[in-house]
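S.K.: Quick one: structure below, then a few questions.
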Amino acid sequence: MIVEGLKAGYKLQTIGSSEEVGVYVDAVSGVSFTLYRNEVFGIAGESGCGKSTLIKAVYGYYEPSLVLRGGSARIYGAKGEEFDTTRMDRGLLEKRVWWKHMSYIPQSSMNVLNPTMRIRDHFAEILRIHVGMKKGEAYQEARKYLEEVGLPVDALSAFPHQLSGGMRQRVVIALAILLEPSLILADEPSSALDVINQKVALTLLREKQEALKNTLVIVSHDMGVHGVLTHRMAIMYAGKIVEIGRTADIFWKPLHPYTKALIESLPRLGDKSKRVGLSGSPPDLKKPPDGCRFHPRCPYAMLICSRAEPSLREIKEGHYTACWLYSEAVGEPR
Amino acid sequence: MGTVTESLRRMGKLLITLYMGNLKFRIGFTILSILVILGFAVSPFSPTNTRSWYIVPRDRPPSYEYPLGTSSMGRDILWELCASIRNSLTIAFVTAMIASHIGLFLGFIAGIRGGVIDRILMFITDTFIIIPGLPLLMVVTTVLKRYLTIPTLGMLISIVSWPWPSRQVRSMVLSLRERTFIHTAKLSGMGTFRVIVQELMPYVLGWHLINFTNTILFSIGTESGLAILGLSILDDNTLGVMIYWALNWGYALFRGIWWWLAAPVATLVLVFISFYLVSIGMTEFMHPIARR
Amino acid sequence: MPNREKPSMVKGLKQLLKYIATRTAAYLATIFTGVTLTYIVVKAMPVDAVENILFNIISVTAVYDPASIELLRRNLYEILGMGGSPVESYLIFIRRVFTFDFGPSIIAYPTPASEIVFNRLPWTVGLLLTSTLTVWVTGNLLGVIAGYFRDRRFAKVLESVAITLYPIPYYIMALILIFLFAYLLRIFPLGGGISIIPEKLNLEVILNILWHSILPAASLILPGALGWSFLSSRTLTMQTLAEDYTRYAEARGLPRSHILKRYILRNILLPQTTVLALSLGGIFGGALLTEIVFTYPGVGQIAYRAIFSGDVYTLMAVLFLSIIGTATGTYLLDLLYPLIDPRVRYR
Amino acid sequence: MSEQYMLRVVKLSRFFGYGFLGRVKFPAVDNVSFDMEYKPKIFTIAGESGCGKSTLARMILGILEPSEGAVIYKGKNIYALKSKERRWFYREVQAIFQDPYDTFNPLKKVDRYLYETARNLLDLKDAGKTQDIVDACLKRVGLSFDEIKGKYPSEFSGGQLQRISIARALIPEPKLIVADEPVSMIDASMRMNILNMFKEFKEAEEISFIYITHDLATAYYISDEIAIMYRGVIVEMGPADEVLIKCHHPYTKALIEALPEPSRRDDWLTRKVKPPGMEVKEFIMPGCKYADICPYREDICEEKKPPMFDVGNVKTACWLYK
């Protein structure tokens, strides 16, 4: 899958104060990256950095306030079919792409099941609508998938509220892999779970990805999750990707000052050495700062940083960053 | 006292914001203002006594002299209507003053004390909501027929009008009680009374205003309903009483004196719609449903 | 790890029975409380209720015989729970209420008041049942559609209509309908349940009754189906649309009709049933008044005549019948909850 | 000193009703006891969501009445305090809450709470002096009075609000601050700054902390002692190093193993853990509440509640250590 120059943001609507109507929030600002088959790709960043918006835009799920401003997101099916989710209308996406080629695990996914529908019917409706399977057959299939995610057969006829949060999370994972899509987008798949349930859910996702040999995108604010799960990852800050690379490189040889701060502020068991975080707060995306969006908080900020925006450049093999520190162009504003 | 002026100022500000920002509120409030002006500012200038019979020629259709016509009782309908608006609104105001404050009080007690008191209060409230209020009022007003005046009728209607506000305030208080800032206030050394007045009240007041409006709506509806049964203040003017005489004494429709019935019915419809628009205008402002 | 709390058939049945038992207890308690509250309200009146009623009766009817006045007075003390010690009078009051013994009516002396009311009950119940069912079904469907397509023109038109109709009481609606259809257009009869008193029921009579019921029913249905039922269903739909589970369903590429049916309609049924239960009392009162406006031969008519003659016996019968009626309606809806929403079943 | 301990939590329990009319009762906090000496330290109560840690914190603060047991602060049962003593209690014990956006009433200005705290708890009448104290406390968290004056909560970021919340708690110069998940809604890059403040206040100003958290990594970073809770009971308690590194209780072990730790990546991906089941049922189990999932389960575990056994400096409620 290839994402190029994706731009999306929110047009504020009439709620509360009328002053902000029509103001544009620049949530995702020209993001490009490429995903490969059979990999787990992580997107990390703090609240409000645009990572969830990015996922929604890639998936093509636009709520009325979310608008696309440019760029493309091409995904390739198992047989090489190409779809550009930014160019397709909703009906087409629903019919041809969603769930067949690309599935989505939403945030707070413990609470996304229909409370008045049995678990097996959640499976059956997808199989019936997307593949045209008969009800009885679909129930058989549902049973198979529930067993695969380690849930008892009883859960089939249960209603969501009868299962624990962790169990519901596994049902959602089972739903996501049901049609064996070539791309799974998981938005904070474990942030509402306790560590133990989180581990169960994440290892499960990872196992299924290995079995299907497809692409799994994990969006999470928790660097620890990326550290144990992903092959490659991107760090987002204020609507832009500031660094992309192999997870090991990012953790042990971070390039961008923001990434460094994130890694350094990660507390670890058995290590009590003093950890210092960043000061200040992320910029207001209604009026983002000029130049590099990180420069007001950056300890290494130079003159150029406030004037021109650094582009994403390959520093080492497969390791990109958008920072003037690694550019020969320092000192000569474009 | 500072809090009283503060909350009054806040309410004034709220009204202005609402008027500017919400179309429904603006329409409702405008119609309402016209009705209030007719009822309270215009009606004192009535050239005739609107309660006497046969003062003007009977059964005249609307004309230049009698813009809304005259009734079979020999009254000028325009001036009778103005007086009726005044009386109907006054009765409703009395009800709202009593019922919405009883509701506020009971809702607060149930919400804050919780436990057994809450359960008993809520059971009584729900019972009052389930049992139809009109038959109960029918019995009571039949007995008290001789004593009906504007304030007593307002009071009687409040017997069945307090449960809705009480329920509303209670659920509001229950959800507020668990908010963190209530704990912050307590840990800042504020006493229970101050927490209620300064932390909870600002939230509840908005809803109280809505409850007040809704109770007025409910009361006018109940009064005109009772009037149709002949259980209102028949020797005075209210919108319901006008309908009562038109239907039962004048057989207005059978005899084709439609303007006698049309005037109070149309006015009532305007009253209902305007109060309702004001009420939902405020509700929408207070509680915007998440727009997708 | 397995969910061993799995509800087996036996367990489910037991829970259902428990649910029914608690609901039944609450139902009886509601009626009992309602009756008691009425007792308190009547008792708390600052004037001598009996003397006032006697005054009303004497001023309307021509009862002058002191003996019968005395009989009336004694009877009234009992009916209103006024005689004797508070406990004693309360017990007599309760006994009277639960045996439907409200004494002889005045409007049709000496037919017992409860009998008169019972005779007219089918008319009222028939009118209420059909109109309430229509209101609930159409209101829900229209509300869901208008909530889902909230930005379409027709949804906005429907909303404006609903906002206009919702606050209008049933009997005012009745007056407007009479004015339009019976007076102005002369399509429907001005009133009455039927044109001629029927000898026996046949098709013609039934059609006649239906013909006369159209306007009364319409005046209950219009402010309901396009008013409260529609508006609350629309609001609930918009809330359900914002729920995570609906958005997730959309993201799974499920078609619109499926989402409307399985996700939205299903999930608003329970709160809508609650709204209906809370509205029953209001609908009942409205129906009584509508009947009067249309001279429809239901309980409302009887109440009207009773008020005119100061017939408290019959009024008490109407009052307690309506308490029991609305409490029963609410109770039946309560019993429906578990069928509608699985979350209630296992509570 | 008449009392050996500053704070004693004695057999504290809190039951919550469940079902119609609250007939099924389950203990959210079940017979919890611990003591804190006068010596300043950071005591962490850690556990997963629903383990009762927040309920416990609210009982210690006197906000939620316990069903059984007592909280003794400096020899006084805090649920028997008169209103004047209650002020004293809030002068000594303060709190920081989880959600910074809800800590202050959204309809009121934030400075109001700082003023109220100073006025009510320190009995200050003089406006100038009050402001000085407020300003001084704000300076200690890296803010100043001019920055917050006349502003509403919506005008601040979560990190700023949390620092204002800390400043408010510092005003009465408390001896103990209960911090309920103070950083769980704060961005990772700023989290450590706030935790560093706790450490600093402990050392420089001798303030003790009760730190409630689900995050064992931050708990390890700042705490001196730690108690691990599971389903309403403390299963292991002792010095943070020993509890979190040696892990005696099987539940603590499972927690530590599940912690996503980049340096143990391969291990993390291959080791399996068993997830807990439905919560309510486990809360009302008669024996050890972890018995259902525990890999070392014996018969006694299901029948009898394990008492706290001493293992070195650590106490653990597990039959393995009898």
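The chains in the structure tokens are called A, B, ... from first to last as shown; in each chain the residues are counted from 1, and the ligands are counted from 1 in the order shown.
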What are the closest atom pairs, with distances in Å to one decimal, for each residue of chain D lying within 10 Å of chain A, using only C-alpha atoms, rows by chain and rising residue number, as a tab-separated table?

M.R.:
residue	atom	partner	partner_atom	distance
D:Gly47	CA	A:Asp194	CA	8.9
D:Glu48	CA	A:Asp194	CA	5.6
D:Ser49	CA	A:Asp194	CA	6.7
D:Gly50	CA	A:Asp194	CA	9.7
D:Ser157	CA	A:Ser281	CA	7.4
D:Gly158	CA	A:Ser281	CA	9.2
D:Gly159	CA	A:Ser281	CA	7.8
D:Gln160	CA	A:Ser281	CA	8.7
D:Met185	CA	A:Ser47	CA	9.4
D:Ile186	CA	A:Ser47	CA	8.8
D:Asp187	CA	A:Glu46	CA	5.9
D:Ala188	CA	A:Leu262	CA	7.0
D:Ser189	CA	A:Gly277	CA	4.9
D:Met190	CA	A:Gly277	CA	5.0
D:Arg191	CA	A:Gly277	CA	6.9
D:Met192	CA	A:Gly277	CA	5.5
D:Asn193	CA	A:Gly277	CA	5.6
D:Ile194	CA	A:Gly277	CA	9.0
D:Leu195	CA	A:Arg275	CA	9.6
D:Asn196	CA	A:Val276	CA	8.0
D:His214	CA	A:Asp194	CA	7.9
D:Asp215	CA	A:Val195	CA	8.6
D:Leu216	CA	A:Leu269	CA	7.9
D:Ala217	CA	A:Arg268	CA	5.5
D:Thr218	CA	A:Pro267	CA	5.9
D:Ala219	CA	A:Leu269	CA	9.0
D:Tyr220	CA	A:Leu269	CA	6.2
D:Tyr221	CA	A:Lys272	CA	5.4
D:Ile222	CA	A:Lys272	CA	7.9
D:Asp241	CA	A:Gly270	CA	7.6
D:Leu244	CA	A:Leu269	CA	7.7
D:Ile245	CA	A:Gly270	CA	7.1
D:Tyr251	CA	A:Ile196	CA	9.9
D:Ala254	CA	A:Ile196	CA	7.2
D:Leu255	CA	A:Ile196	CA	6.3
D:Ile256	CA	A:Val195	CA	8.8
D:Glu257	CA	A:Ile196	CA	8.5
D:Ala258	CA	A:Ile196	CA	5.4
D:Leu259	CA	A:Val195	CA	6.2
D:Pro260	CA	A:Gly224	CA	5.1
D:Glu261	CA	A:Gly224	CA	5.7
D:Pro262	CA	A:Gly227	CA	4.3
D:Ser263	CA	A:Gly227	CA	7.9
D:Arg264	CA	A:Val228	CA	7.5
D:Arg265	CA	A:Val228	CA	4.6
D:Asp266	CA	A:Val228	CA	7.6
D:Asp267	CA	A:Val228	CA	9.2
D:Trp268	CA	A:Val228	CA	6.9
D:Leu269	CA	A:Thr203	CA	6.2
D:Thr270	CA	A:Thr203	CA	8.2
D:Arg271	CA	A:Thr203	CA	9.3
D:Lys272	CA	A:Val200	CA	7.6
D:Val273	CA	A:Val200	CA	6.8
D:Lys274	CA	A:Val200	CA	7.7
D:Pro275	CA	A:Asn197	CA	5.7
D:Pro276	CA	A:Asn197	CA	7.8
D:Gly277	CA	A:Ser164	CA	6.6
D:Met278	CA	A:Ser164	CA	5.3
D:Glu279	CA	A:Ser164	CA	7.3
D:Val280	CA	A:Ser164	CA	9.9

S.K.: Quick one: residues within 9 Å of segment 177-187 of chain A, only C-alpha atoms counted, chain neighbours fewer than 5 positions away excluded, as a PyMOL selection string?

M.R.: chain A and resi 1+37-38+51-52+55+59+75-78+98-109+123+126-127+130-131+141-142+145+172+208-209+212-220

S.K.: Enumerate as a list in words all residues of segment 169-264 of chain A assigned to strand (DSSP E) by DSSP on the backbone, naming them with the chain letters and numbers the document uses.

M.R.: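 Filtering segment 169-264 of chain A to strand (DSSP E) leaves Leu183, Ile184, Leu185, Ala186, Asp187, Thr215, Leu216, Val217, Ile218, Val219, Ser220, Arg232, Met233, Ala234, Ile235, Met236, Tyr237, Lys240, Ile241, Val242, Glu243, Ile244, Gly245 and Arg246 of chain A.
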
S.K.: Would you write out those residues with C-alpha atoms, as a PDB file, in the first residue's frame?

M.R.:
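The resulting file, again32.pdb, is reproduced below:
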ATOM      1  CA  LEU A 183      -4.611  -4.882   5.089  1.00  0.00           C
ATOM      2  CA  ILE A 184      -5.799  -4.500   8.675  1.00  0.00           C
ATOM      3  CA  LEU A 185      -5.899  -1.052  10.256  1.00  0.00           C
ATOM      4  CA  ALA A 186      -6.007  -1.172  14.034  1.00  0.00           C
ATOM      5  CA  ASP A 187      -6.621   2.123  15.819  1.00  0.00           C
ATOM      6  CA  THR A 215      -0.126  -6.036   6.396  1.00  0.00           C
ATOM      7  CA  LEU A 216      -1.119  -4.920   9.870  1.00  0.00           C
ATOM      8  CA  VAL A 217      -1.078  -1.251  10.840  1.00  0.00           C
ATOM      9  CA  ILE A 218      -1.061  -0.543  14.555  1.00  0.00           C
ATOM     10  CA  VAL A 219      -1.839   2.954  15.731  1.00  0.00           C
ATOM     11  CA  SER A 220      -0.878   3.487  19.345  1.00  0.00           C
ATOM     12  CA  ARG A 232       8.662  -0.698  11.070  1.00  0.00           C
ATOM     13  CA  MET A 233       7.103   2.416  12.461  1.00  0.00           C
ATOM     14  CA  ALA A 234       6.370   6.073  11.867  1.00  0.00           C
ATOM     15  CA  ILE A 235       6.363   8.839  14.467  1.00  0.00           C
ATOM     16  CA  MET A 236       3.789  11.556  13.984  1.00  0.00           C
ATOM     17  CA  TYR A 237       3.840  15.013  15.441  1.00  0.00           C
ATOM     18  CA  LYS A 240       3.119  15.208  10.059  1.00  0.00           C
ATOM     19  CA  ILE A 241       5.390  12.213  10.008  1.00  0.00           C
ATOM     20  CA  VAL A 242       8.713  13.215  11.554  1.00  0.00           C
ATOM     21  CA  GLU A 243      10.464   9.870  11.366  1.00  0.00           C
ATOM     22  CA  ILE A 244      10.014   6.481   9.701  1.00  0.00           C
ATOM     23  CA  GLY A 245      12.227   3.450  10.050  1.00  0.00           C
ATOM     24  CA  ARG A 246      12.703  -0.025  11.380  1.00  0.00           C
TER      25      ARG A 246
END

S.K.: Find the residue from B:Ser166, B:Thr142, B:Ser52, B:Thr90 that sits nearest to chain C; use only C-alpha atoms when measuring.

M.R.: B:Thr142

S.K.: Given the choices C:Ala25, C:Leu215, C:Leu336, C:Ile31, which gets closest to chain B if the distance is worked out from only C-alpha atoms?

M.R.: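 Using only C-alpha atoms, the shortest distance to chain B belongs to C:Ile31.
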
S.K.: Residues at most 12 Å from Thr95 of chain B, counting only C-alpha atoms, excluding those fewer than 2 positions away in the same chain, as number ranges by chain?

M.R.: B: 88-93, 97-103, 150-162, 211-223

S.K.: Nearest residue to chain D out of B:Tyr147, B:Tyr203, B:Trp79, B:Phe105, using only C-alpha atoms?

M.R.: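 Ranked by minimum distance to chain D, first place goes to B:Tyr203.
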
S.K.: I'd like the interatomic distance between atom CA of Ser13 of chain D and atom CA of Thr55 of chain D, to a tenth of an Å.

M.R.: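 Pair atom CA of Ser13 of chain D / atom CA of Thr55 of chain D returns 9.6 Å.
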
S.K.: As a PyMOL selection string, please: the residues near segment 56-65 of chain B (cut-off 12 Å, only C-alpha atoms, same-chain neighbours under 3 positions excluded).

M.R.: chain B and resi 47-50+52-53+68-80+246+250-252+255-263

S.K.: Quick check: residues of chain B within 6 Å of chain C, only C-alpha atoms, returned as a PyMOL selection string.

M.R.: chain B and resi 127+130-132+134-135+143+272-273

S.K.: Write out the residues from the selection above, keeping N, CA and C atoms, as a short mmCIF file (atom, residue, chain, number, x, y, z; two decimals), in the first residue's frame.

M.R.:
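Contents of out_33.cif, as written:
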data_model
loop_
_atom_site.label_atom_id
_atom_site.label_comp_id
_atom_site.auth_asym_id
_atom_site.auth_seq_id
_atom_site.Cartn_x
_atom_site.Cartn_y
_atom_site.Cartn_z
N THR B 127 -45.07 7.14 40.36
CA THR B 127 -46.49 6.84 40.47
C THR B 127 -47.31 8.02 39.95
N ILE B 130 -47.23 7.94 36.26
CA ILE B 130 -48.03 6.88 35.64
C ILE B 130 -49.53 7.18 35.74
N ILE B 131 -50.00 7.58 36.92
CA ILE B 131 -51.44 7.80 37.03
C ILE B 131 -51.81 9.09 36.28
N PRO B 132 -52.90 9.05 35.52
CA PRO B 132 -53.25 10.23 34.73
C PRO B 132 -53.69 11.36 35.63
N LEU B 134 -55.32 14.16 34.89
CA LEU B 134 -56.59 14.82 34.63
C LEU B 134 -57.73 14.28 35.48
N PRO B 135 -57.95 12.95 35.55
CA PRO B 135 -59.04 12.45 36.40
C PRO B 135 -58.89 12.87 37.85
N VAL B 143 -64.92 19.16 43.63
CA VAL B 143 -65.18 19.47 45.02
C VAL B 143 -64.98 20.95 45.30
N PHE B 272 -48.92 27.38 22.81
CA PHE B 272 -48.23 26.10 22.94
C PHE B 272 -46.97 26.07 22.10
N ILE B 273 -47.13 26.47 20.84
CA ILE B 273 -45.97 26.36 19.95
C ILE B 273 -44.85 27.29 20.41
#

S.K.: Pull the alpha helix (DSSP H) assignments for segment 122-233 of chain C out of DSSP run on the backbone, and list those residues as an MDAnalysis selection string.

M.R.: chainID C and resid 122:148 153:165 170:177 203:223 229:233

S.K.: Quick one: write out the picked residues with C-alpha atoms as a compact mmCIF listing (two decimals), in the first residue's frame?

M.R.:
# COMPACT_ATOMS: atom_id res chain seq x y z
CA PRO C 122 -64.88 -0.71 25.58
CA TRP C 123 -65.35 2.47 23.56
CA THR C 124 -62.50 4.24 25.29
CA VAL C 125 -60.19 1.24 25.33
CA GLY C 126 -60.85 0.58 21.65
CA LEU C 127 -60.07 4.17 20.74
CA LEU C 128 -56.95 4.24 22.92
CA LEU C 129 -55.54 0.90 21.79
CA THR C 130 -55.84 1.53 18.08
CA SER C 131 -54.58 5.08 18.22
CA THR C 132 -51.68 4.30 20.59
CA LEU C 133 -50.54 1.36 18.50
CA THR C 134 -50.69 3.42 15.33
CA VAL C 135 -48.85 6.26 17.03
CA TRP C 136 -46.10 4.01 18.27
CA VAL C 137 -45.50 2.13 15.04
CA THR C 138 -45.66 5.04 12.63
CA GLY C 139 -43.91 7.43 15.01
CA ASN C 140 -40.98 5.05 15.41
CA LEU C 141 -40.59 4.32 11.73
CA LEU C 142 -40.86 7.94 10.67
CA GLY C 143 -38.53 9.03 13.46
CA VAL C 144 -35.85 6.53 12.48
CA ILE C 145 -36.02 7.54 8.85
CA ALA C 146 -36.02 11.26 9.61
CA GLY C 147 -33.15 10.78 12.07
CA TYR C 148 -31.05 8.81 9.62
CA ARG C 153 -35.41 18.18 2.93
CA PHE C 154 -38.26 15.84 3.84
CA ALA C 155 -36.69 15.16 7.23
CA LYS C 156 -36.54 18.86 7.95
CA VAL C 157 -40.13 19.36 6.85
CA LEU C 158 -41.21 16.48 9.07
CA GLU C 159 -39.32 18.00 11.99
CA SER C 160 -41.07 21.35 11.56
CA VAL C 161 -44.44 19.64 11.37
CA ALA C 162 -43.64 17.66 14.50
CA ILE C 163 -42.51 20.70 16.42
CA THR C 164 -45.80 22.36 15.55
CA LEU C 165 -47.97 19.37 16.41
CA TYR C 170 -55.27 16.30 21.93
CA TYR C 171 -58.53 18.11 22.49
CA ILE C 172 -57.29 21.29 20.83
CA MET C 173 -56.28 19.11 17.91
CA ALA C 174 -59.79 17.68 18.06
CA LEU C 175 -61.30 21.14 17.83
CA ILE C 176 -59.10 22.01 14.88
CA LEU C 177 -60.03 18.79 13.08
CA LEU C 203 -71.22 -4.74 9.20
CA GLU C 204 -73.12 -1.54 8.66
CA VAL C 205 -73.04 -0.67 12.34
CA ILE C 206 -69.35 -1.42 12.57
CA LEU C 207 -68.58 0.72 9.55
CA ASN C 208 -70.68 3.46 11.05
CA ILE C 209 -68.78 3.27 14.30
CA LEU C 210 -65.47 3.36 12.44
CA TRP C 211 -66.67 6.33 10.40
CA HIS C 212 -67.42 8.21 13.56
CA SER C 213 -64.14 7.19 15.16
CA ILE C 214 -61.88 8.52 12.45
CA LEU C 215 -61.70 12.08 13.68
CA PRO C 216 -61.37 11.23 17.39
CA ALA C 217 -58.62 8.75 16.55
CA ALA C 218 -56.93 11.23 14.24
CA SER C 219 -56.83 13.84 16.96
CA LEU C 220 -54.99 11.36 19.17
CA ILE C 221 -52.77 10.03 16.39
CA LEU C 222 -51.59 13.24 14.77
CA PRO C 223 -49.95 14.89 17.80
CA SER C 229 -43.35 9.48 19.32
CA PHE C 230 -41.71 10.85 16.20
CA LEU C 231 -39.56 13.40 17.98
CA SER C 232 -38.19 11.07 20.62
CA SER C 233 -37.57 8.35 18.06

S.K.: Counting only C-alpha atoms, collect the residues of chain B whose closest atom lies at most 9 Å from chain D, and write them out as a CSV table (one decimal) with N, CA, C and O atoms, in the first residue's frame.

M.R.:
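Okay, this is what ended up in out_25.csv:
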chain,number,residue,atom,x,y,z
B,179,ARG,N,-19.0,13.9,39.3
B,179,ARG,CA,-17.9,14.6,38.5
B,179,ARG,C,-16.8,15.0,39.5
B,179,ARG,O,-17.0,15.3,40.6
B,180,THR,N,-15.6,15.0,38.9
B,180,THR,CA,-14.4,15.2,39.7
B,180,THR,C,-14.4,16.6,40.4
B,180,THR,O,-14.0,16.7,41.5
B,181,PHE,N,-14.9,17.6,39.7
B,181,PHE,CA,-14.8,18.9,40.3
B,181,PHE,C,-15.6,19.1,41.6
B,181,PHE,O,-15.3,20.0,42.4
B,182,ILE,N,-16.6,18.2,41.8
B,182,ILE,CA,-17.3,18.2,43.1
B,182,ILE,C,-16.3,17.8,44.2
B,182,ILE,O,-16.3,18.4,45.3
B,183,HIS,N,-15.5,16.8,43.9
B,183,HIS,CA,-14.5,16.4,44.9
B,183,HIS,C,-13.5,17.5,45.1
B,183,HIS,O,-13.0,17.7,46.2
B,184,THR,N,-13.1,18.1,44.0
B,184,THR,CA,-12.1,19.2,44.1
B,184,THR,C,-12.6,20.3,45.1
B,184,THR,O,-11.9,20.8,45.9
B,185,ALA,N,-13.9,20.6,44.9
B,185,ALA,CA,-14.5,21.6,45.7
B,185,ALA,C,-14.5,21.2,47.2
B,185,ALA,O,-14.2,22.0,48.1
B,186,LYS,N,-14.9,19.9,47.4
B,186,LYS,CA,-14.8,19.5,48.8
B,186,LYS,C,-13.4,19.5,49.4
B,186,LYS,O,-13.2,20.0,50.5
B,187,LEU,N,-12.5,19.1,48.6
B,187,LEU,CA,-11.1,19.1,49.1
B,187,LEU,C,-10.6,20.5,49.2
B,187,LEU,O,-9.5,20.8,49.9
B,188,SER,N,-11.2,21.5,48.6
B,188,SER,CA,-10.8,22.9,48.8
B,188,SER,C,-11.5,23.5,50.0
B,188,SER,O,-11.4,24.7,50.3
B,189,GLY,N,-12.1,22.6,50.8
B,189,GLY,CA,-12.7,23.1,52.0
B,189,GLY,C,-14.1,23.7,52.0
B,189,GLY,O,-14.5,24.3,52.9
B,190,MET,N,-14.8,23.5,50.8
B,190,MET,CA,-16.1,24.1,50.7
B,190,MET,C,-17.1,23.2,51.4
B,190,MET,O,-17.0,21.9,51.3
B,191,GLY,N,-18.1,23.8,52.1
B,191,GLY,CA,-19.1,23.0,52.7
B,191,GLY,C,-20.1,22.5,51.8
B,191,GLY,O,-20.2,22.9,50.6
B,199,GLU,N,-21.4,24.9,42.8
B,199,GLU,CA,-20.9,23.9,41.8
B,199,GLU,C,-22.0,23.3,41.1
B,199,GLU,O,-22.0,23.1,39.9
B,202,PRO,N,-25.2,26.1,39.0
B,202,PRO,CA,-25.0,26.7,37.6
B,202,PRO,C,-25.4,25.7,36.5
B,202,PRO,O,-25.9,26.1,35.5
B,203,TYR,N,-25.2,24.4,36.8
B,203,TYR,CA,-25.6,23.4,35.8
B,203,TYR,C,-27.1,23.2,35.8
B,203,TYR,O,-27.7,23.0,34.8

S.K.: Show me, as a Markdown table, the residues of chain C having an atom within 7 Å of chain A, each with the closest atom pair and its distance in Å, using only C-alpha atoms.

M.R.:
| residue | atom | partner | partner_atom | distance |
| --- | --- | --- | --- | --- |
| C:Pro2 | CA | A:Pro152 | CA | 5.6 |
| C:Asp244 | CA | A:Val112 | CA | 5.2 |
| C:Tyr245 | CA | A:Val112 | CA | 4.0 |
| C:Tyr248 | CA | A:Val112 | CA | 6.3 |
| C:Ala251 | CA | A:Tyr61 | CA | 6.8 |
| C:Arg252 | CA | A:Trp99 | CA | 6.0 |
| C:Gly253 | CA | A:Glu94 | CA | 4.1 |
| C:Tyr263 | CA | A:Asn114 | CA | 6.7 |
| C:Arg266 | CA | A:Thr116 | CA | 6.9 |
| C:Asn267 | CA | A:Thr116 | CA | 6.6 |
| C:Asp341 | CA | A:Thr116 | CA | 6.0 |
| C:Pro342 | CA | A:Thr116 | CA | 6.1 |

S.K.: One decimal, Å: what's the distance from atom CA of Val28 of chain A over to atom CA of Pro296 of chain A, could you say?

M.R.: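 Computed distance, atom CA of Val28 of chain A to atom CA of Pro296 of chain A, equals 19.3 Å.
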
S.K.: Just give me the gap between atom CA of Arg14 of chain D and atom CA of Gly69 of chain D in Å, one decimal is fine.

M.R.: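 Value for the atom CA of Arg14 of chain D-atom CA of Gly69 of chain D distance: 8.9 Å.
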
S.K.: Would you kindly return, as a CSV table (one decimal) with all heavy atoms, in the first residue's frame, each protein, DNA or RNA residue with an atom no farther than 9 Å from any atom of segment 4-13 of chain B, considering only C-alpha atoms and excluding same-chain residues fewer than 4 positions away?

M.R.:
chain,number,residue,atom,x,y,z
B,17,THR,N,-27.8,35.3,24.2
B,17,THR,CA,-27.1,34.3,23.4
B,17,THR,C,-28.1,33.5,22.6
B,17,THR,O,-27.9,33.2,21.4
B,17,THR,CB,-26.1,33.4,24.2
B,17,THR,OG1,-25.6,34.2,25.3
B,17,THR,CG2,-25.0,32.9,23.4
B,18,LEU,N,-29.1,33.0,23.4
B,18,LEU,CA,-30.0,32.1,22.8
B,18,LEU,C,-30.8,32.8,21.7
B,18,LEU,O,-31.0,32.3,20.6
B,18,LEU,CB,-31.0,31.7,23.9
B,18,LEU,CG,-30.7,30.4,24.6
B,18,LEU,CD1,-31.6,30.3,25.8
B,18,LEU,CD2,-30.9,29.2,23.7
B,202,PRO,N,-25.2,26.1,39.0
B,202,PRO,CA,-25.0,26.7,37.6
B,202,PRO,C,-25.4,25.7,36.5
B,202,PRO,O,-25.9,26.1,35.5
B,202,PRO,CB,-23.5,26.9,37.6
B,202,PRO,CG,-23.1,27.1,39.0
B,202,PRO,CD,-24.0,26.2,39.8
B,205,LEU,N,-29.5,25.2,36.9
B,205,LEU,CA,-30.3,26.3,36.6
B,205,LEU,C,-30.8,26.4,35.2
B,205,LEU,O,-32.0,26.7,35.0
B,205,LEU,CB,-29.5,27.6,36.9
B,205,LEU,CG,-29.7,28.2,38.3
B,205,LEU,CD1,-29.0,29.5,38.4
B,205,LEU,CD2,-31.2,28.3,38.7
B,206,GLY,N,-30.0,26.0,34.3
B,206,GLY,CA,-30.4,26.0,32.9
B,206,GLY,C,-31.6,25.1,32.7
B,206,GLY,O,-32.6,25.4,32.1
